[in-house]
Amino acid sequence: MTPGSNIPLSAARVTVDVAAPVRLDVSGLLLTADGKVRSDDDFIFYNQPSGPGVTYRSGGGSAPDAIIVDTAALPPGIEKIVVTASPDAAGQTFQGIEPTATIRNADDSSVLATFTPPQLGSETALVIVEIYQRNGQWKARAVGQGYANGLAGIATDFGVTVEEPTAAAPPQPVTPPPAPVQPPAPPVTAPAAPPAAPATPPPPAPGAGKINLDKGRVSLQKNQTVSLIKGGRPLLSSVKMGLGWEPAYRGKDIDLDASVIAYGPQRNHIDSCYFGKLQIVGGAIRHSGDNLTGEGGGDDEVITVDLGRLPQEVTGLVFTVNSFSGQKFTEVAKAYCRLLDGTTGEELVRFDLTSAEPQTGVMMAKLIRQFSGEWDMTAMGDFVKSRTVRGMVKPAAQAL
């Protein structure tokens, strides 16, 4: 998703987790039509983890914190849930930290959308996404609004009472300045640090935020993102996405088709590159041709992307694999995708598909152009019932 974009929610219960290279505190606020909480009870965070229809879930330090929203259980009059994030370390800003919010179906953990706010700096807290109701339909919107005065600034904005912390000495009267520059301190109910992780923390969620290529080759987990920069600068102008697979359990030859779908900033479909259309967008994206068996080592099909020649209107690429013959991915072994330096052939990023579903299509990975110009790659591994790339266009757009 891009700032300001929205998607309809296909699930009544959704989870929003926010991952980053550092520990984040994530919270949620229940808002009425006037954009305010009804009371402080509508502020859901680690010290007040549940409210009507909204629950906070700790990652225990090994996984992202999350807010779970059950739209069917929200009380009347609540029209919006905002999900916020702030670095756990006191005074730390989002400079150099790119948080990624992932919106999932809370019942099966399937990914509905992801959002990484661009160009963050001195912000110490962030409204990252909102779940809201419009004309009877619940939707999710990417926000990315930063606050330089921390979580207290967000809380005050939405009507939460923020008090001075309790001091050891008797409190002295405080006269609020007419135009405060600094925000009030956090509420007395909020501890300075989150509680210790439980004795048995929940298992880590797939993916753990965004990384880069500074330390060399990266092996991604499902939903994890890598920024294609090294030493603070974009690394590549031309890349190759190699996709490979083998028949499972010495099964018969399997004919899978690798494709890439190009999208614009509004998730609008621009074109698809596959065995029947080997070049798109002026030759900036090229397909190696069809592999009919999947036998043999190495990449079965390769798609070359000249990032430097891509039109500015192309902001997202989703790489897919389909079984035109109708064989399911439970009949496929060792499916993977890997990103190569288009000039040297060096392998930079790899994602191995470690699970399979009895479906005929899978979204393997996506490349997203950031506002700053660099590209991010996210491992997907999401299965779809579709034998051709044509049937992948809509679900892939929803996954951007």
# chains A, B, ... in the order shown; residues from 1 in each chain; ligands from 1
$ residues_around --residues "region 284-289 of chain A" --least-positions-apart "6" --cutoff "8 Å" --atoms "only C-alpha atoms" --output "ChimeraX atom specification"
/A:259,273-275,277-278,301-307,309-310
$ residues_around --residues "Thr124 (chain A)" --least-positions-apart "3" --cutoff "6 Å" --atoms "only C-alpha atoms" --output "list in words"
Ser86, Thr93, Ala148 and Gly150 of chain A
$ residues_around --residues "Leu256 (chain A)" --least-positions-apart "2" --cutoff "7 Å" --atoms "only C-alpha atoms" --output "list in words"
Ile254, Ala258, Val321, Asn322, Ser323 and Phe324 of chain A
$ write_last_selection --atoms "C-alpha atoms" --output "short mmCIF file (atom, residue, chain, number, x, y, z; two decimals), in the first residue's frame"
data_model
loop_
_atom_site.label_atom_id
_atom_site.label_comp_id
_atom_site.auth_asym_id
_atom_site.auth_seq_id
_atom_site.Cartn_x
_atom_site.Cartn_y
_atom_site.Cartn_z
CA ILE A 254 5.35 -30.61 -14.04
CA ALA A 258 6.57 -18.00 -14.06
CA VAL A 321 4.01 -19.10 -10.63
CA ASN A 322 1.03 -21.00 -12.07
CA SER A 323 0.26 -24.59 -13.03
CA PHE A 324 -1.56 -24.39 -16.34
#
$ closest_residue --among "A:Ile97, A:Ala333, A:Ile368, A:Val69" --to "Met1 (chain A)" --atoms "only C-alpha atoms"
A:Ile368
$ closest_residue --among "A:Asp108, A:Asp25, A:Asp300, A:Glu374" --to "Val127 (chain A)" --atoms "only C-alpha atoms"
A:Asp25
$ closest_residue --among "A:Ala335, A:Ala106, A:Ala66, A:Val281" --to "Ala12 (chain A)" --atoms "only C-alpha atoms"
A:Ala106
$ residues_around --residues "Ile44 (chain A)" --least-positions-apart "4" --cutoff "8 Å" --atoms "only C-alpha atoms" --output "number ranges by chain"
A: 27-29, 48-51, 54-56
$ select_by_dssp --residues "region 4-170 of chain A" --states "helix (DSSP H, G or I)" --output "list in words"
Asp40, Asp41, Asp42, Thr71, Ala72, Ala73, Gly150, Leu151, Ala152, Gly153, Ile154, Ala155, Thr156 and Asp157 of chain A
$ closest_atom_pairs --of "region 52-108 of chain A" --to "region 158-162 of chain A" --cutoff "12 Å" --atoms "only C-alpha atoms" --output "Markdown table"
| residue | atom | partner | partner_atom | distance |
| --- | --- | --- | --- | --- |
| A:Lys80 | CA | A:Phe158 | CA | 11.4 |
| A:Ile81 | CA | A:Phe158 | CA | 11.0 |
| A:Val82 | CA | A:Phe158 | CA | 9.7 |
| A:Thr84 | CA | A:Phe158 | CA | 11.7 |
$ closest_residue --among "A:Asp41, A:Thr378, A:Trp245, A:Gly316" --to "Glu331 (chain A)" --atoms "only C-alpha atoms"
A:Trp245
$ closest_residue --among "A:Asp17, A:Asp34, A:Asp40, A:Glu79" --to "Ile67 (chain A)" --atoms "only C-alpha atoms"
A:Asp17
$ residues_around --residues "region 217-232 of chain A" --least-positions-apart "6" --cutoff "10 Å" --atoms "only C-alpha atoms" --output "PyMOL selection string"
chain A and resi 19+96+98+100+102+111+114+205-211+338-340+346-354+364-370+374-382
$ closest_residue --among "A:Thr2, A:Asp65, A:Ala140, A:Met241" --to "Pro118 (chain A)" --atoms "only C-alpha atoms"
A:Thr2
